[in-house]
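The structure appears below as structure tokens.
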Number of protein chains: 2
Amino acid sequence: MEFEVIFLPEGKRSRVPANATLMSAALKGEVDLAAICGGKGYCGKCMVEVIDGKVSPLTDHERKRIPKEKLDKNYRLACQAHVEGNVTIRVPDQSRVGKQRLVIMGKEPPIQIRSNVEKVYLELVPPSLEDPTADDERLLTELAVKGYPNLVIDSPTARDLPRVLRDAGWKITAVILGRKEVIAIEKGDTRARKYGLAVDIGTTKLAVFIVDLNDGTIVYADGTMNPQIKFGEDVISRINYASQGKAHLEEIRGTIVEGINSLLKSGVSEVEIGMEEVYEAVLVGNTAMHHLFAGIDVKSLGLAPYAAGVGRSCDNKARDMGLEINSSGNVHLLPNVAGFVGADAIADMLASRLHEKERLTLLMDVGTNTEVMLGDKNCIWACSTASGPAFEGAHIKCGMRAASGAIEKVWIGNDLSVSYKTIDDKRARGICGSGMIDAVAEMLKAGVIDTSGRIQQVGGSIRDGEGGREFVLVPKEETETGKEDIVITQDDVRELQKAKAAIYAGFMTLVRKGGLDRGSLSEIIIAGAFGNYIDPKNARIIGMIPELPLERISFTGNTAGSGARLCLKSLDVRLEAQTVASRIKYIELAAQPIFEEEYINAMYMPNSRLEDFPETMREVKAPRVVRRYVRR
Amino acid sequence: MEFEVIFLPEGKRSRVPANATLMSAALKGEVDLAAICGGKGYCGKCMVEVIDGKVSPLTDHERKRIPKEKLDKNYRLACQAHVEGNVTIRVPDQSRVGKQRLVIMGKEPPIQIRSNVEKVYLELVPPSLEDPTADDERLLTELAVKGYPNLVIDSPTARDLPRVLRDAGWKITAVILGRKEVIAIEKGDTRARKYGLAVDIGTTKLAVFIVDLNDGTIVYADGTMNPQIKFGEDVISRINYASQGKAHLEEIRGTIVEGINSLLKSGVSEVEIGMEEVYEAVLVGNTAMHHLFAGIDVKSLGLAPYAAGVGRSCDNKARDMGLEINSSGNVHLLPNVAGFVGADAIADMLASRLHEKERLTLLMDVGTNTEVMLGDKNCIWACSTASGPAFEGAHIKCGMRAASGAIEKVWIGNDLSVSYKTIDDKRARGICGSGMIDAVAEMLKAGVIDTSGRIQQVGGSIRDGEGGREFVLVPKEETETGKEDIVITQDDVRELQKAKAAIYAGFMTLVRKGGLDRGSLSEIIIAGAFGNYIDPKNARIIGMIPELPLERISFTGNTAGSGARLCLKSLDVRLEAQTVASRIKYIELAAQPIFEEEYINAMYMPNSRLEDFPETMREVKAPRVVRRYVRR
């Protein structure tokens, strides 16, 4: 039996079997609905109002996550409520992912182009009764003369060879991949047209770049949300989904491939090139994104010891990957370092030239998982910390992604008066990651919280809410809905502390395991789309990063994308990727007591080892607390 | 609008659009119906009786091909008559292809096995938190230790790698292709199971062999008609069909791929192996069959200068070819020499060891096209002659394929009394190729025809028929139908003369172009499924082959298949194929006046140069004629 679910206000409809969740109906009907925890009932972000029709009884998760007044109004979690008849629901704005601000560009050092794709123009002598040499022999002999010996012809190209040669009057351009294989024969001289695709598959965002392989210019760049978000916003949710069987893996893989193809199609159409003129793609992503794109079984990525299925770089035919560039084209995936330090980290290092630094440099790519890399030209130590979704607005009461109306900057005066800035200067809807860092840092500076993160005495903007103490950032009158204050709760502060502590503890674990001198740290590079909007001073105040003069801290944006482009443009950089990968010493934090210890130190703000943050401590009014956090 | 066509007596039904031919209805309904000329109305073999319903008016082709009494009974050519309403037709036995006797085995020299596929058994150390090395790295490092460095893993295998390694408890067998690529990972020790597929795609027949790559034994062999026959029995008809567009090419390609897959499926099921345990396939066929299998554009094969699209050997992924062996497996195609001397000729040479002969040897693969190769260990001359479909029973009034009831042996006494033998000793239905050679040779010996092939004075078994003089071989009382005498007409004799003249002239052209000494010819090897049933003495009498003592003439059967198996079993032979291909001097007969001259000489039986056939002439009673044939 099937039922119909109608989604208001857009009026989309979707038919699902009896007992399907409202979430699956939304997925099927392509209704924008947040699913941060992947449908487990933990995040409470998929709240919807049931207007009409019969759904299953309330679950414990719902009783816990939905405020009483909303429960009374028949609000439900879409992932928990099952349809038991035709249903009409309303999806409130707060439960939508919305169009996000995506940073897709990143710093990229200049490079000498040496593409894997070469084009050779030839004018061949046609066959005759005296010389009926086969077409392939005629072509390959001439290419050998031009300096390309021992080539083979990829089968789809061989299939069309006789027709193309004759249609072109034997004046053709051969497209050669890796000096090994002829992947296309084109009519006339097409040497001026040669394109590649660089892709950064982030857990949250997907960025594609179409690059002119002749001169290296980016002819098109675009980004979108990673469409796999519907399978859960974090990596583990998606690994769990994909681990349920081959069909699930294929489904989640198909989603990202389709997402890339869709961006590619818009791109080639806008810049007026053919899909078949894109001859190579280089992709990066964290190990899970890499595996999910390539269709590699990810079950073991979710279980200790978290070994990657594929660590080496690999090359595949575009047609085998489903990528709609030239079907004979190459899809290159950069190497993965470990289960949670992937090809995107390698790309970050290549773009940041970490492996060439004379002095000790800290590179981190901040996201739901933050890759922390510490090293110089001799050696690089790396780890990955689960910094959690707090920076993405999840697990934060009024948290949201960096979309229109999100509070991204916060200032708190000595009188606890709050100033803030929202994205697009719209009325405030919630607070995003950079706003949270600002808010907590400012609360710390203003003494609203102590160094253990505890919100201080009630009064003024500080009050006791349903779930504990909270600080009112924006009164409801100033918000978009006008119905609820935007607050920072005690739990929200804890979430941010955990996130920043994980990052800093990752750094400290590398310092200690590597036997490095913390004092010799010379530079901090913060990569990641998110990083661009962080106030470095506030990041330093909360102790998310070690204390260095601000001029030694740089934000480089999406350098994973930059690294992908570098490898697309230069075989030398691609080779370098191998070298870098082999030079990395990976530390699995799950096996490190040092990490636990440093994590607890870093739960304080900036840290329980105050001697490491002398400058910061001069700015902070907050009461100092010791020994609030103990090792579990 | 669609109409239904019912085929009697089997009662099969097929729905086709208005105006479709009865032939296309038969194709769609999978009704066995001969289509020797490919639906052009030339061969008249697709005659059917229209029992009921409306079809289009008679065409000129039909008036010419259908005897008057059958026209009166509403017989039509299925390729000419279009449906104009629901139709019921009867398909007479004579219009069916029937189950043919297929020779698929051929001589094969012994060989040292050196397969392209290797299996290595490994027991790997599982990953741990201390050593979370990626699965691929773990595998490839160990394989490098075992002597297989620098391998890559094919993408479908990489996808399943984590799961398979864990399911297998890290005890696995790696399947390695060409010492380059891991194409499968199997649980446990599977080294004893390693199979390959050898395929000979003949224009008429398709033969497959499943070979144990460990010991070289043939574990399964089977043959069937080439299912492409429905697109025309000769190569040119199929080239024409495939040249009509990409969809046509794909259709005809799909037909042969499906045919091979179908034989493969029966085979693996019978010998209880998995399709995925067949890791490599080696295919041979003439250039057109090669191209049609690989999907290579064949238009230029049908036009002077008949250049092949692909001449070099090539390797493709099974999944790209649609062949249902292991999807990561390799499909190897032997090199083609020229447009009409293909990979099957190379295979013949390899199996016959022509390139190792100390003395001049003539190798021919007799079929609709006969490849003629003449050479020794130093040099090989080769050409292809259009010997035509006479040997297949086409263009012969009572001709038929070598199926049950076909006359395959004929003896004519001095009193012109006829003895004959039919296949399966059934009542005679018609005469097949070897029967035709016998009949004409015996008619020549008995003086029924003169050396120009003209049937002599009327009387006894010789009479004037509708289409000229004819010799009655079997009176109707002895035939299966009991309705019509089986005769050899004047035109039939001419068809056979043309066929044998083409072969002999090919041989002589090679002799003369190569500056070879005809007298030094030491051996004749006749390959081809058909060859096995030819009486060598009679072939010599009609002058189809040069006169050599019978003990120096051998029949080797389907050596194209043997050559394919050799290349499957041994990389050394595969390498040899390249050497042989490069050593061949190809002569395009279309450009050779010498061929025209020799063709006219060879129209006489045995030849107008009687001095080349001294022994034969002692046996022949026929009146000697000179200068009946002149150069056109």
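Chain identifiers are assigned as A, B, and so on, following the order in which chains appear in the structure tokens; residues are numbered from 1 within each chain, and ligands are numbered from 1 in order of appearance.
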
Distance limit 9 Å, atoms considered: only C-alpha atoms. Which chain A residues sit that close to chain B? Return them as a ChimeraX atom specification. /A:127-137,152-163,166,291,294-300,304-312,314-316,320-321,336-339,587-588,590-591

So that I have them on file, write out the residues from the current selection with C-alpha atoms, as a PDB file, in the first residue's frame.
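Once everything was written out, this is again22.pdb:
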```pdb
ATOM      1  CA  PRO A 127      45.489   4.491 -48.211  1.00  0.00           C
ATOM      2  CA  SER A 128      45.628   3.268 -51.793  1.00  0.00           C
ATOM      3  CA  LEU A 129      45.532  -0.101 -53.549  1.00  0.00           C
ATOM      4  CA  GLU A 130      49.332   0.022 -53.571  1.00  0.00           C
ATOM      5  CA  ASP A 131      49.464   0.861 -49.869  1.00  0.00           C
ATOM      6  CA  PRO A 132      46.333  -0.390 -48.117  1.00  0.00           C
ATOM      7  CA  THR A 133      47.981  -0.172 -44.662  1.00  0.00           C
ATOM      8  CA  ALA A 134      45.384  -0.309 -41.896  1.00  0.00           C
ATOM      9  CA  ASP A 135      44.179   2.989 -40.470  1.00  0.00           C
ATOM     10  CA  ASP A 136      45.563   2.375 -36.971  1.00  0.00           C
ATOM     11  CA  GLU A 137      48.972   1.427 -38.310  1.00  0.00           C
ATOM     12  CA  VAL A 152      47.572   2.062 -28.151  1.00  0.00           C
ATOM     13  CA  ILE A 153      44.145   3.310 -29.191  1.00  0.00           C
ATOM     14  CA  ASP A 154      41.314   3.162 -26.677  1.00  0.00           C
ATOM     15  CA  SER A 155      38.471   1.055 -28.014  1.00  0.00           C
ATOM     16  CA  PRO A 156      35.748   3.708 -28.499  1.00  0.00           C
ATOM     17  CA  THR A 157      38.243   5.786 -30.474  1.00  0.00           C
ATOM     18  CA  ALA A 158      39.326   2.786 -32.543  1.00  0.00           C
ATOM     19  CA  ARG A 159      35.671   2.147 -33.355  1.00  0.00           C
ATOM     20  CA  ASP A 160      35.203   5.516 -35.002  1.00  0.00           C
ATOM     21  CA  LEU A 161      38.702   5.778 -36.427  1.00  0.00           C
ATOM     22  CA  PRO A 162      37.956   4.838 -40.070  1.00  0.00           C
ATOM     23  CA  ARG A 163      35.002   7.231 -40.292  1.00  0.00           C
ATOM     24  CA  ARG A 166      37.919   9.923 -43.862  1.00  0.00           C
ATOM     25  CA  HIS A 291      35.783   5.924  -1.512  1.00  0.00           C
ATOM     26  CA  ALA A 294      34.966   5.544  -6.469  1.00  0.00           C
ATOM     27  CA  GLY A 295      32.447   3.028  -5.162  1.00  0.00           C
ATOM     28  CA  ILE A 296      34.934   1.436  -2.784  1.00  0.00           C
ATOM     29  CA  ASP A 297      33.480  -0.525   0.116  1.00  0.00           C
ATOM     30  CA  VAL A 298      33.584   1.811   3.149  1.00  0.00           C
ATOM     31  CA  LYS A 299      32.450  -0.511   5.915  1.00  0.00           C
ATOM     32  CA  SER A 300      35.980  -0.886   7.296  1.00  0.00           C
ATOM     33  CA  ALA A 304      38.845   0.436  14.096  1.00  0.00           C
ATOM     34  CA  PRO A 305      41.582   0.412  12.858  1.00  0.00           C
ATOM     35  CA  TYR A 306      39.910   2.591  10.193  1.00  0.00           C
ATOM     36  CA  ALA A 307      42.121   1.358   7.360  1.00  0.00           C
ATOM     37  CA  ALA A 308      41.508   2.941   3.965  1.00  0.00           C
ATOM     38  CA  GLY A 309      40.529   0.560   1.176  1.00  0.00           C
ATOM     39  CA  VAL A 310      42.642   2.401  -1.355  1.00  0.00           C
ATOM     40  CA  GLY A 311      45.592   4.519  -0.352  1.00  0.00           C
ATOM     41  CA  ARG A 312      47.544   4.845  -3.571  1.00  0.00           C
ATOM     42  CA  CYS A 314      44.672   5.726  -9.059  1.00  0.00           C
ATOM     43  CA  ASP A 315      43.646   6.300 -12.637  1.00  0.00           C
ATOM     44  CA  ASN A 316      40.389   5.093 -14.123  1.00  0.00           C
ATOM     45  CA  ASP A 320      34.044   3.223 -15.657  1.00  0.00           C
ATOM     46  CA  MET A 321      33.461   6.006 -13.138  1.00  0.00           C
ATOM     47  CA  ASN A 336      44.811   8.926   0.693  1.00  0.00           C
ATOM     48  CA  VAL A 337      47.019   9.035   3.761  1.00  0.00           C
ATOM     49  CA  ALA A 338      44.745   7.053   6.068  1.00  0.00           C
ATOM     50  CA  GLY A 339      41.115   6.377   6.859  1.00  0.00           C
ATOM     51  CA  ILE A 587      49.037   9.342  13.921  1.00  0.00           C
ATOM     52  CA  GLU A 588      45.823   7.530  14.694  1.00  0.00           C
ATOM     53  CA  ALA A 590      42.067   6.722  18.638  1.00  0.00           C
ATOM     54  CA  ALA A 591      45.141   4.928  19.882  1.00  0.00           C
TER      55      ALA A 591
END
```

From the DSSP assignment of the backbone, select every residue of range 175-359 of chain A that is strand (DSSP E or B), and format the answer as a VMD selection string. chain A and resid 175 to 177 181 to 187 195 to 201 205 to 212 218 to 225 278 to 285 314 to 317 330 to 333 338 341

Okay, now the selection with N, CA and C atoms, as a short mmCIF file (atom, residue, chain, number, x, y, z; two decimals), in the first residue's frame?
```
data_model
loop_
_atom_site.label_atom_id
_atom_site.label_comp_id
_atom_site.auth_asym_id
_atom_site.auth_seq_id
_atom_site.Cartn_x
_atom_site.Cartn_y
_atom_site.Cartn_z
N VAL A 175 44.47 12.98 -29.66
CA VAL A 175 44.54 13.34 -28.24
C VAL A 175 45.19 12.17 -27.51
N ILE A 176 46.29 12.45 -26.86
CA ILE A 176 47.11 11.39 -26.26
C ILE A 176 47.11 11.53 -24.74
N LEU A 177 46.85 10.44 -24.09
CA LEU A 177 46.81 10.44 -22.62
C LEU A 177 48.04 9.72 -22.08
N GLU A 181 48.29 6.34 -24.70
CA GLU A 181 47.03 5.91 -25.28
C GLU A 181 46.41 7.05 -26.09
N VAL A 182 45.93 6.72 -27.28
CA VAL A 182 45.18 7.69 -28.07
C VAL A 182 43.73 7.62 -27.60
N ILE A 183 43.23 8.71 -27.03
CA ILE A 183 41.87 8.65 -26.47
C ILE A 183 40.85 9.38 -27.33
N ALA A 184 41.31 10.10 -28.35
CA ALA A 184 40.36 10.73 -29.27
C ALA A 184 41.09 11.13 -30.54
N ILE A 185 40.33 11.10 -31.63
CA ILE A 185 40.81 11.62 -32.90
C ILE A 185 39.79 12.68 -33.31
N GLU A 186 40.27 13.88 -33.54
CA GLU A 186 39.35 14.97 -33.85
C GLU A 186 39.64 15.54 -35.23
N LYS A 187 38.60 15.99 -35.89
CA LYS A 187 38.75 16.56 -37.23
C LYS A 187 39.53 17.86 -37.18
N TYR A 195 40.71 20.72 -22.30
CA TYR A 195 40.21 21.08 -20.98
C TYR A 195 40.30 19.93 -19.98
N GLY A 196 40.33 20.31 -18.73
CA GLY A 196 40.34 19.34 -17.65
C GLY A 196 39.37 19.77 -16.56
N LEU A 197 39.06 18.82 -15.69
CA LEU A 197 38.11 19.09 -14.61
C LEU A 197 38.77 18.79 -13.27
N ALA A 198 38.74 19.77 -12.38
CA ALA A 198 39.23 19.52 -11.01
C ALA A 198 38.02 19.52 -10.09
N VAL A 199 37.97 18.56 -9.19
CA VAL A 199 36.80 18.43 -8.31
C VAL A 199 37.26 18.27 -6.87
N ASP A 200 36.64 19.03 -6.00
CA ASP A 200 36.85 18.83 -4.56
C ASP A 200 35.54 18.37 -3.97
N ILE A 201 35.53 17.12 -3.53
CA ILE A 201 34.32 16.58 -2.91
C ILE A 201 34.44 16.76 -1.40
N LYS A 205 30.32 20.37 0.92
CA LYS A 205 30.20 21.06 -0.36
C LYS A 205 30.98 20.35 -1.45
N LEU A 206 30.53 20.64 -2.64
CA LEU A 206 31.13 20.06 -3.82
C LEU A 206 31.57 21.21 -4.70
N ALA A 207 32.85 21.22 -5.12
CA ALA A 207 33.33 22.32 -5.96
C ALA A 207 33.95 21.75 -7.22
N VAL A 208 33.60 22.32 -8.37
CA VAL A 208 34.22 21.88 -9.62
C VAL A 208 34.84 23.07 -10.33
N PHE A 209 35.92 22.78 -11.04
CA PHE A 209 36.64 23.80 -11.78
C PHE A 209 36.94 23.23 -13.17
N ILE A 210 36.60 23.97 -14.20
CA ILE A 210 37.02 23.55 -15.54
C ILE A 210 38.25 24.39 -15.88
N VAL A 211 39.31 23.68 -16.25
CA VAL A 211 40.60 24.34 -16.44
C VAL A 211 41.04 24.18 -17.89
N ASP A 212 41.54 25.25 -18.47
CA ASP A 212 42.13 25.20 -19.80
C ASP A 212 43.52 24.58 -19.65
N ILE A 218 41.43 29.02 -15.10
CA ILE A 218 40.16 28.43 -14.68
C ILE A 218 39.09 29.07 -15.55
N VAL A 219 38.45 28.30 -16.41
CA VAL A 219 37.45 28.90 -17.29
C VAL A 219 36.06 28.84 -16.66
N TYR A 220 35.91 28.01 -15.63
CA TYR A 220 34.61 27.92 -14.98
C TYR A 220 34.82 27.35 -13.58
N ALA A 221 34.10 27.91 -12.62
CA ALA A 221 34.15 27.38 -11.27
C ALA A 221 32.75 27.44 -10.69
N ASP A 222 32.38 26.41 -10.00
CA ASP A 222 31.05 26.43 -9.39
C ASP A 222 31.03 25.47 -8.20
N GLY A 223 30.11 25.72 -7.31
CA GLY A 223 30.00 24.84 -6.15
C GLY A 223 28.55 24.62 -5.82
N THR A 224 28.32 23.58 -5.07
CA THR A 224 26.98 23.30 -4.60
C THR A 224 27.10 22.47 -3.33
N MET A 225 25.98 22.22 -2.68
CA MET A 225 26.02 21.32 -1.54
C MET A 225 26.32 19.93 -2.05
N VAL A 278 36.67 17.69 -22.49
CA VAL A 278 37.25 17.61 -21.15
C VAL A 278 37.86 16.21 -21.05
N TYR A 279 39.18 16.13 -21.05
CA TYR A 279 39.86 14.85 -21.25
C TYR A 279 40.34 14.19 -19.97
N GLU A 280 40.37 14.99 -18.91
CA GLU A 280 40.87 14.41 -17.68
C GLU A 280 40.20 15.09 -16.50
N ALA A 281 40.00 14.34 -15.44
CA ALA A 281 39.48 14.91 -14.20
C ALA A 281 40.40 14.49 -13.07
N VAL A 282 40.65 15.42 -12.15
CA VAL A 282 41.40 15.08 -10.94
C VAL A 282 40.46 15.37 -9.77
N LEU A 283 40.29 14.38 -8.91
CA LEU A 283 39.37 14.54 -7.80
C LEU A 283 40.08 14.39 -6.47
N VAL A 284 39.66 15.20 -5.52
CA VAL A 284 40.13 15.04 -4.15
C VAL A 284 38.92 15.03 -3.22
N GLY A 285 39.14 14.53 -2.04
CA GLY A 285 38.09 14.49 -1.03
C GLY A 285 38.68 13.77 0.16
N CYS A 314 45.10 6.65 -8.02
CA CYS A 314 44.67 5.73 -9.06
C CYS A 314 44.09 6.45 -10.24
N ASP A 315 44.16 5.77 -11.38
CA ASP A 315 43.65 6.30 -12.64
C ASP A 315 42.58 5.35 -13.17
N ASN A 316 41.48 5.91 -13.61
CA ASN A 316 40.39 5.09 -14.12
C ASN A 316 39.83 5.73 -15.38
N LYS A 317 39.21 4.90 -16.21
CA LYS A 317 38.52 5.42 -17.38
C LYS A 317 37.28 6.18 -16.91
N ASN A 330 40.61 10.27 -18.55
CA ASN A 330 41.16 9.69 -17.33
C ASN A 330 40.57 10.37 -16.10
N VAL A 331 40.30 9.58 -15.08
CA VAL A 331 39.88 10.13 -13.80
C VAL A 331 40.97 9.78 -12.79
N HIS A 332 41.66 10.81 -12.34
CA HIS A 332 42.78 10.59 -11.42
C HIS A 332 42.33 10.94 -10.01
N LEU A 333 42.58 10.02 -9.09
CA LEU A 333 42.29 10.28 -7.68
C LEU A 333 43.62 10.37 -6.94
N ALA A 338 45.29 8.03 5.13
CA ALA A 338 44.75 7.05 6.07
C ALA A 338 43.23 7.17 6.02
N VAL A 341 42.53 10.77 6.92
CA VAL A 341 43.30 11.84 6.28
C VAL A 341 43.41 11.45 4.82
#
```

Counting only C-alpha atoms, the residue of B:Val580, B:Leu122, B:Ile526, B:Val31 that sits nearest Phe555 in chain B: B:Ile526

Proximity to Cys567 in chain B - best of B:Lys621, B:Lys171, B:Arg179, B:Arg114, only C-alpha atoms: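 Counting only C-alpha atoms, the residue closest to Cys567 in chain B is B:Arg114.
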
What does the distance between CA of Ile111 in chain B and CA of Thr190 in chain B come to in Å, to one decimal place? 24.0 Å
